[in-house]
file run_24.txt (compact mmCIF, C-alpha atoms and all ligand atoms)
# COMPACT_ATOMS: atom_id res chain seq x y z
CA LYS A 17 235.59 144.29 -127.43
CA ALA A 18 235.74 144.81 -123.65
CA ILE A 19 237.27 148.28 -124.09
CA SER A 20 234.63 149.29 -126.63
CA LEU A 21 232.00 148.31 -124.04
CA GLY A 22 233.56 150.76 -121.55
CA ARG A 23 235.60 148.25 -119.54
CA TYR A 24 238.69 150.43 -119.64
CA GLU A 25 240.50 148.43 -116.96
CA GLN A 26 240.91 145.60 -119.49
CA ARG A 27 244.50 144.90 -120.62
CA VAL A 28 245.91 142.54 -123.25
CA PRO A 29 248.54 140.09 -121.97
CA ILE A 30 251.83 140.47 -123.81
CA GLU A 31 253.35 137.07 -124.47
CA SER A 32 255.64 137.59 -127.42
CA THR A 33 258.26 140.02 -128.72
CA ASP A 34 256.98 140.42 -132.26
CA GLU A 35 254.78 143.07 -133.88
CA LEU A 36 251.74 141.59 -132.12
CA ALA A 37 253.39 142.54 -128.83
CA ASP A 38 253.85 146.13 -130.12
CA LEU A 39 250.20 146.22 -131.08
CA SER A 40 249.18 144.88 -127.66
CA GLU A 41 251.31 147.51 -125.94
CA SER A 42 249.67 150.27 -127.99
CA LEU A 43 246.25 148.90 -127.16
CA ASN A 44 247.11 148.80 -123.46
CA SER A 45 248.36 152.34 -123.42
CA MET A 46 245.21 153.47 -125.25
CA ALA A 47 243.09 151.65 -122.64
CA GLU A 48 245.06 153.34 -119.87
CA SER A 49 244.49 156.82 -121.25
CA LEU A 50 240.79 156.08 -121.82
CA GLN A 51 240.56 154.85 -118.23
CA ARG A 52 242.20 158.03 -116.88
CA HIS A 53 240.03 160.24 -119.08
CA HIS A 54 236.92 158.43 -117.92
CA TYR A 55 237.98 158.78 -114.27
CA LEU A 56 238.56 162.54 -114.69
CA GLN A 57 235.15 163.00 -116.32
CA GLU A 58 233.48 161.10 -113.50
CA GLN A 59 235.29 163.14 -110.86
CA LEU A 60 234.28 166.35 -112.59
CA ILE A 61 230.61 165.39 -112.61
CA THR A 62 230.71 164.16 -108.98
CA ASN A 63 232.50 167.24 -107.66
CA VAL A 64 230.50 169.77 -109.67
CA SER A 65 227.16 168.23 -108.72
CA HIS A 66 228.21 168.07 -105.07
CA GLU A 67 229.37 171.69 -105.05
CA LEU A 68 226.26 172.87 -106.90
CA ALA A 69 224.02 171.43 -104.21
CA THR A 70 224.99 173.70 -101.29
CA PRO A 71 224.69 177.13 -102.97
CA LEU A 72 221.45 176.12 -104.69
CA THR A 73 219.92 174.85 -101.45
CA ASN A 74 220.96 178.06 -99.69
CA ILE A 75 219.59 180.33 -102.44
CA GLY A 76 216.36 178.30 -102.47
CA GLY A 77 216.06 178.66 -98.69
CA TYR A 78 216.62 182.44 -98.75
CA LEU A 79 214.11 182.88 -101.59
CA GLU A 80 211.50 180.85 -99.77
CA ALA A 81 212.00 182.86 -96.59
CA LEU A 82 211.74 186.13 -98.57
CA THR A 83 208.59 185.12 -100.45
CA ASP A 84 206.96 183.84 -97.25
CA GLY A 85 207.68 187.18 -95.57
CA MET A 86 209.77 185.44 -92.90
CA ILE A 87 212.57 188.01 -93.14
CA GLU A 88 212.14 191.39 -91.45
CA ASP A 89 212.73 194.48 -93.58
CA SER A 90 215.92 195.31 -91.68
CA LYS A 91 217.41 191.90 -92.61
CA ARG A 92 216.50 191.95 -96.30
CA THR A 93 219.66 193.70 -97.54
CA GLU A 94 221.80 191.23 -95.59
CA THR A 95 219.86 188.31 -97.08
CA PHE A 96 220.36 189.62 -100.62
CA ALA A 97 224.09 189.97 -99.90
CA LEU A 98 224.21 186.33 -98.74
CA MET A 99 222.42 185.27 -101.91
CA LYS A 100 224.93 187.24 -104.00
CA GLU A 101 227.78 185.38 -102.24
CA GLU A 102 226.23 182.05 -103.22
CA VAL A 103 225.77 183.22 -106.82
CA ASP A 104 229.45 184.30 -106.88
CA ARG A 105 230.45 180.82 -105.73
CA LEU A 106 228.48 179.30 -108.58
CA SER A 107 230.02 181.71 -111.11
CA ALA A 108 233.56 180.97 -109.89
CA MET A 109 232.94 177.26 -110.24
CA LEU A 110 231.53 177.65 -113.74
CA SER A 111 234.54 179.70 -114.75
CA GLU A 112 236.89 176.93 -113.51
CA VAL A 113 234.98 174.29 -115.50
CA ARG A 114 235.14 176.51 -118.60
CA THR A 115 238.89 177.00 -118.26
CA LEU A 116 239.38 173.29 -117.78
CA SER A 117 237.57 172.53 -121.03
CA LEU A 118 239.48 175.31 -122.80
CA LEU A 119 242.79 173.82 -121.68
CA GLU A 120 241.77 170.49 -123.15
CA GLN A 121 241.21 171.89 -126.63
CA PRO A 122 244.14 171.17 -128.95
CA GLN A 123 243.95 174.69 -130.38
CA PHE A 124 244.49 176.26 -126.93
CA HIS A 125 247.51 178.53 -126.88
CA ILE A 126 248.64 181.51 -124.87
CA LYS A 127 249.14 184.94 -126.42
CA THR A 128 252.15 186.61 -124.85
CA ALA A 129 252.99 190.29 -125.17
CA PRO A 130 255.12 192.72 -123.11
CA LEU A 131 253.29 193.22 -119.82
CA ASP A 132 253.99 195.71 -117.06
CA VAL A 133 253.83 193.04 -114.35
CA LYS A 134 253.89 195.46 -111.42
CA ASP A 135 250.96 197.42 -112.83
CA ALA A 136 249.03 194.26 -113.77
CA THR A 137 249.61 192.78 -110.29
CA GLU A 138 248.45 195.97 -108.58
CA LYS A 139 245.23 195.84 -110.60
CA ILE A 140 244.63 192.19 -109.66
CA LEU A 141 245.20 192.97 -105.98
CA LYS A 142 242.78 195.89 -106.23
CA GLN A 143 240.18 193.51 -107.69
CA MET A 144 240.63 191.13 -104.73
CA GLU A 145 240.75 193.88 -102.07
CA PRO A 146 237.05 193.86 -101.11
CA GLN A 147 237.13 190.12 -100.39
CA PHE A 148 240.31 190.46 -98.31
CA GLU A 149 238.89 193.45 -96.44
CA ALA A 150 235.65 191.60 -95.72
CA LYS A 151 237.66 188.84 -94.02
CA LYS A 152 240.12 191.33 -92.45
CA VAL A 153 243.11 189.63 -94.09
CA PRO A 154 245.81 192.20 -94.99
CA LEU A 155 247.02 191.94 -98.60
CA ILE A 156 250.53 193.29 -99.20
CA LEU A 157 252.55 193.73 -102.43
CA HIS A 158 256.37 193.97 -102.55
CA SER A 159 257.81 194.66 -105.96
CA GLU A 160 261.54 194.38 -106.56
CA LEU A 161 261.19 194.32 -110.35
CA THR A 162 263.98 195.91 -112.37
CA LYS A 163 262.56 195.49 -115.88
CA GLU A 164 259.58 197.48 -117.06
CA SER A 165 257.88 194.58 -118.80
CA HIS A 166 257.94 190.79 -119.19
CA HIS A 167 256.47 188.58 -121.89
CA LEU A 168 253.25 187.10 -120.51
CA ASP A 169 249.65 186.41 -121.49
CA LYS A 170 247.85 189.09 -119.47
CA ASP A 171 244.54 187.24 -119.04
CA ARG A 172 246.25 183.99 -118.07
CA TYR A 173 248.58 185.79 -115.65
CA THR A 174 245.51 187.34 -114.06
CA GLN A 175 243.87 183.94 -113.75
CA ILE A 176 247.00 182.40 -112.16
CA LEU A 177 247.27 185.13 -109.54
CA LEU A 178 243.52 185.27 -108.83
CA ASN A 179 243.44 181.52 -108.15
CA LEU A 180 246.49 181.65 -105.85
CA LEU A 181 245.14 184.67 -103.99
CA SER A 182 241.68 183.22 -103.54
CA ASN A 183 243.20 180.03 -102.09
CA ALA A 184 245.46 182.09 -99.80
CA LEU A 185 242.40 183.99 -98.58
CA LYS A 186 240.30 180.85 -98.17
CA TYR A 187 242.79 179.27 -95.76
CA SER A 188 243.80 182.43 -93.83
CA ALA A 189 242.40 183.71 -90.55
CA PRO A 190 241.74 187.45 -89.96
CA GLU A 191 244.87 189.56 -89.34
CA HIS A 192 247.14 186.93 -90.95
CA PRO A 193 248.62 188.75 -93.96
CA VAL A 194 249.03 187.45 -97.48
CA VAL A 195 252.17 188.81 -99.13
CA VAL A 196 252.84 188.91 -102.88
CA THR A 197 256.50 189.45 -103.84
CA LEU A 198 257.69 190.15 -107.39
CA THR A 199 261.36 189.74 -108.35
CA ASP A 200 263.25 189.46 -111.63
CA LYS A 201 266.90 189.11 -110.61
CA LYS A 202 267.42 185.99 -112.72
CA VAL A 203 263.92 185.09 -113.91
CA LEU A 204 260.56 186.66 -113.22
CA THR A 205 259.28 185.20 -109.95
CA ILE A 206 255.93 185.72 -108.27
CA GLU A 207 255.60 184.51 -104.71
CA VAL A 208 252.27 184.30 -102.88
CA LYS A 209 252.82 183.70 -99.19
CA ASP A 210 250.05 183.19 -96.68
CA HIS A 211 250.11 182.69 -92.91
CA GLY A 212 247.09 180.42 -92.90
CA GLU A 213 246.42 176.86 -91.88
CA GLY A 214 249.01 175.31 -94.21
CA ILE A 215 248.96 172.02 -96.10
CA PRO A 216 249.76 168.65 -94.48
CA ALA A 217 253.09 167.21 -95.77
CA LYS A 218 251.33 164.06 -96.98
CA ASP A 219 249.06 166.13 -99.27
CA LEU A 220 251.64 168.60 -100.58
CA PRO A 221 252.95 166.42 -103.47
CA TYR A 222 249.44 166.02 -104.89
CA ILE A 223 247.81 169.45 -104.63
CA PHE A 224 248.46 170.30 -108.30
CA GLU A 225 246.63 167.19 -109.49
CA ARG A 226 243.13 167.59 -110.84
CA PHE A 227 240.43 167.01 -108.20
CA TYR A 228 242.89 166.51 -105.36
CA ARG A 229 241.73 168.19 -102.18
CA ALA A 230 243.71 168.04 -98.96
CA ASP A 231 241.72 166.92 -95.94
CA GLN A 232 238.22 166.38 -97.32
CA SER A 233 236.41 167.49 -94.15
CA ARG A 234 238.32 170.76 -93.98
CA THR A 235 237.95 171.60 -97.67
CA ARG A 236 234.26 170.69 -97.76
CA LYS A 237 233.65 173.73 -95.58
CA THR A 238 235.54 176.01 -97.95
CA GLY A 239 234.03 174.66 -101.16
CA GLY A 240 235.72 174.34 -104.53
CA ILE A 241 235.97 171.45 -106.94
CA GLY A 242 239.68 170.81 -106.55
CA VAL A 243 240.84 172.06 -109.94
CA GLY A 244 242.09 175.59 -109.14
CA LEU A 245 245.74 174.60 -108.69
CA ALA A 246 245.68 172.15 -111.63
CA ILE A 247 244.54 175.07 -113.82
CA VAL A 248 247.26 177.32 -112.38
CA LYS A 249 249.94 174.70 -113.09
CA GLU A 250 248.77 174.15 -116.66
CA LEU A 251 248.67 177.90 -117.33
CA VAL A 252 252.15 178.39 -115.83
CA GLU A 253 253.53 175.51 -117.89
CA ALA A 254 251.90 176.90 -121.04
CA HIS A 255 254.27 179.87 -120.46
CA SER A 256 257.16 177.36 -120.03
CA GLY A 257 257.17 178.38 -116.37
CA ARG A 258 257.31 176.43 -113.15
CA ILE A 259 255.28 176.43 -109.95
CA THR A 260 256.31 175.05 -106.58
CA ALA A 261 254.70 175.04 -103.15
CA THR A 262 256.12 174.83 -99.65
CA SER A 263 254.01 174.67 -96.55
CA THR A 264 254.04 174.04 -92.83
CA GLU A 265 250.81 173.07 -91.15
CA GLY A 266 249.63 175.77 -88.79
CA THR A 267 252.17 178.29 -90.15
CA GLY A 268 251.23 178.90 -93.76
CA SER A 269 252.00 178.17 -97.40
CA THR A 270 254.13 179.75 -100.10
CA PHE A 271 253.46 179.31 -103.81
CA THR A 272 256.28 180.36 -106.13
CA VAL A 273 255.78 180.82 -109.86
CA SER A 274 258.80 181.44 -112.07
CA PHE A 275 258.75 182.39 -115.73
CA SER A 276 261.94 182.03 -117.69
CA SER A 277 261.17 184.58 -120.44
P1 LIG A 301 239.98 173.79 -104.39
O1 LIG A 301 240.42 175.06 -103.74
O2 LIG A 301 238.90 173.94 -105.41
O3 LIG A 301 239.73 172.67 -103.43
P2 LIG A 301 242.67 173.75 -105.53
O4 LIG A 301 243.21 172.96 -106.67
O5 LIG A 301 242.72 175.24 -105.64
O6 LIG A 301 241.21 173.23 -105.27
O7 LIG A 301 243.49 173.32 -104.24
C1 LIG A 301 243.68 171.93 -103.93
C2 LIG A 301 243.79 171.73 -102.43
O8 LIG A 301 245.03 172.30 -101.95
C3 LIG A 301 242.70 172.46 -101.65
O9 LIG A 301 241.56 171.66 -101.51
C4 LIG A 301 243.38 172.71 -100.32
O10 LIG A 301 243.26 171.58 -99.50
C5 LIG A 301 244.86 172.87 -100.66
N1 LIG A 301 245.31 174.30 -100.73
C6 LIG A 301 245.48 175.04 -101.85
N2 LIG A 301 245.96 176.28 -101.56
C7 LIG A 301 246.09 176.32 -100.22
C8 LIG A 301 246.54 177.32 -99.27
N3 LIG A 301 246.97 178.53 -99.68
N4 LIG A 301 246.54 176.99 -97.95
C9 LIG A 301 246.13 175.77 -97.53
N5 LIG A 301 245.69 174.79 -98.36
C10 LIG A 301 245.67 175.05 -99.68
call {"tool": "encode", "arguments": {"input": "run_24.txt", "output": "structure tokens", "more": "lines below"}}
Ligand code: ADP
result
Amino acid sequence: KAISLGRYEQRVPIESTDELADLSESLNSMAESLQRHHYLQEQLITNVSHELATPLTNIGGYLEALTDGMIEDSKRTETFALMKEEVDRLSAMLSEVRTLSLLEQPQFHIKTAPLDVKDATEKILKQMEPQFEAKKVPLILHSELTKESHHLDKDRYTQILLNLLSNALKYSAPEHPVVVTLTDKKVLTIEVKDHGEGIPAKDLPYIFERFYRADQSRTRKTGGIGVGLAIVKELVEAHSGRITATSTEGTGSTFTVSFSS
């Protein structure tokens, strides 16, 4: 009854070893997964509503200033560009929420096909170039690939790399390069290395968890709802791949994705 009323923390004491105990155990594990599910839903709503607030307030402010004629003609283009940046933030967030709900659908599956990884990676880097140039962060690609193609889901591969690159950019200062290295000596490996602020050792084990954000005050400035890396990990694992991260605070971080196919 308590669980059906939403008190998911409720557990049944197990005091026997018979089939009633089995039933109690099943009930407890159901309550635990309901509790976790409920927590994730709550976090999603809290984080999304928090992250919606800043861009909307900013856009509202710019629009008010424009309609009141408070912005000189020479500053109008700049103001529109700032508004576009805020709209892009909102779109990126919406796309993360969409992917998250897609990943939760039981019918979700990846569609792999032979992919020219070097070519695909070059295209992704080209797509990110304007953002890197705007922040003066050099973006470098090293390819040591020997095979022409690898079995991957092109759209998902793009999403994995875009998320890793946008994080690398977010935490990098101007003139600190981000280097992408592709190798396939044993397995296909994609390494994204930045020379940015790094991740504190205490946070490193948790960064792939949904809604985990290292150092709240720091990440508040950079925005995001804390699901980018959780999405990356789920997409990598859907390919039966693996992702690891190493980092030193003040020196930078390296994310390594390996696909066994
Ligand atoms: P978001 O970027 O939306 O906060 P992510 O899941 O992409 O969420 O990342 C989780 C946390 O890991 C971030 O809040 C940030 O603290 C940390 N992080 C991720 N990538 C990097 C990076 N390249 N350099 C430093 N910190 C990072």
call {"tool": "closest_atom_pairs", "arguments": {"input": "run_24.txt", "of": "chain A", "to": "ligand LIG 301 (chain A)", "cutoff": "6 Å", "atoms": "only C-alpha atoms and all ligand atoms", "output": "CSV"}}
result
residue,atom,partner,partner_atom,distance
A:Asn183,CA,A:LIG301,N2,4.7
A:Ala184,CA,A:LIG301,N3,3.9
A:Tyr187,CA,A:LIG301,N4,4.9
A:Glu213,CA,A:LIG301,C9,5.8
A:Gly214,CA,A:LIG301,C9,4.4
A:Ile215,CA,A:LIG301,N5,4.8
A:Ile223,CA,A:LIG301,O8,4.8
A:Tyr228,CA,A:LIG301,C1,5.7
A:Arg229,CA,A:LIG301,O9,3.5
A:Ala230,CA,A:LIG301,O10,3.6
A:Thr235,CA,A:LIG301,O9,5.3
A:Gly240,CA,A:LIG301,O2,3.3
A:Ile241,CA,A:LIG301,O2,4.1
A:Gly242,CA,A:LIG301,O6,3.1
A:Val243,CA,A:LIG301,O4,4.1
A:Gly244,CA,A:LIG301,O5,3.6
A:Leu245,CA,A:LIG301,O4,3.6
A:Ala246,CA,A:LIG301,O4,5.6
A:Ser269,CA,A:LIG301,N3,5.5
call {"tool": "closest_residue", "arguments": {"input": "run_24.txt", "among": "A:Gly76, A:Phe227, A:Ser182, A:Lys127", "to": "Thr62 of chain A", "atoms": "all atoms listed in the file"}}
result
A:Phe227
call {"tool": "atom_distance", "arguments": {"input": "run_24.txt", "atom1": "atom CA of His211 of chain A", "atom2": "atom CA of Val103 of chain A"}}
result
28.0 Å
call {"tool": "atom_distance", "arguments": {"input": "run_24.txt", "atom1": "atom CA of Glu191 of chain A", "atom2": "atom CA of Ile156 of chain A"}}
result
12.0 Å
call {"tool": "atom_distance", "arguments": {"input": "run_24.txt", "atom1": "atom CA of Leu106 of chain A", "atom2": "atom CA of Ala150 of chain A"}}
result
19.2 Å
call {"tool": "closest_residue", "arguments": {"input": "run_24.txt", "among": "A:Ser40, A:Gln26, A:Tyr78, A:Thr270", "to": "Thr93 of chain A", "atoms": "all atoms listed in the file"}}
result
A:Tyr78
call {"tool": "axis_aligned_box", "arguments": {"input": "run_24.txt", "around": "segment 29-43 of chain A", "padding_each_side": "4 Å", "output": "JSON"}}
result
{"center_x": 252.3, "center_y": 143.7, "center_z": -127.9, "size_x": 20.0, "size_y": 21.2, "size_z": 19.9}
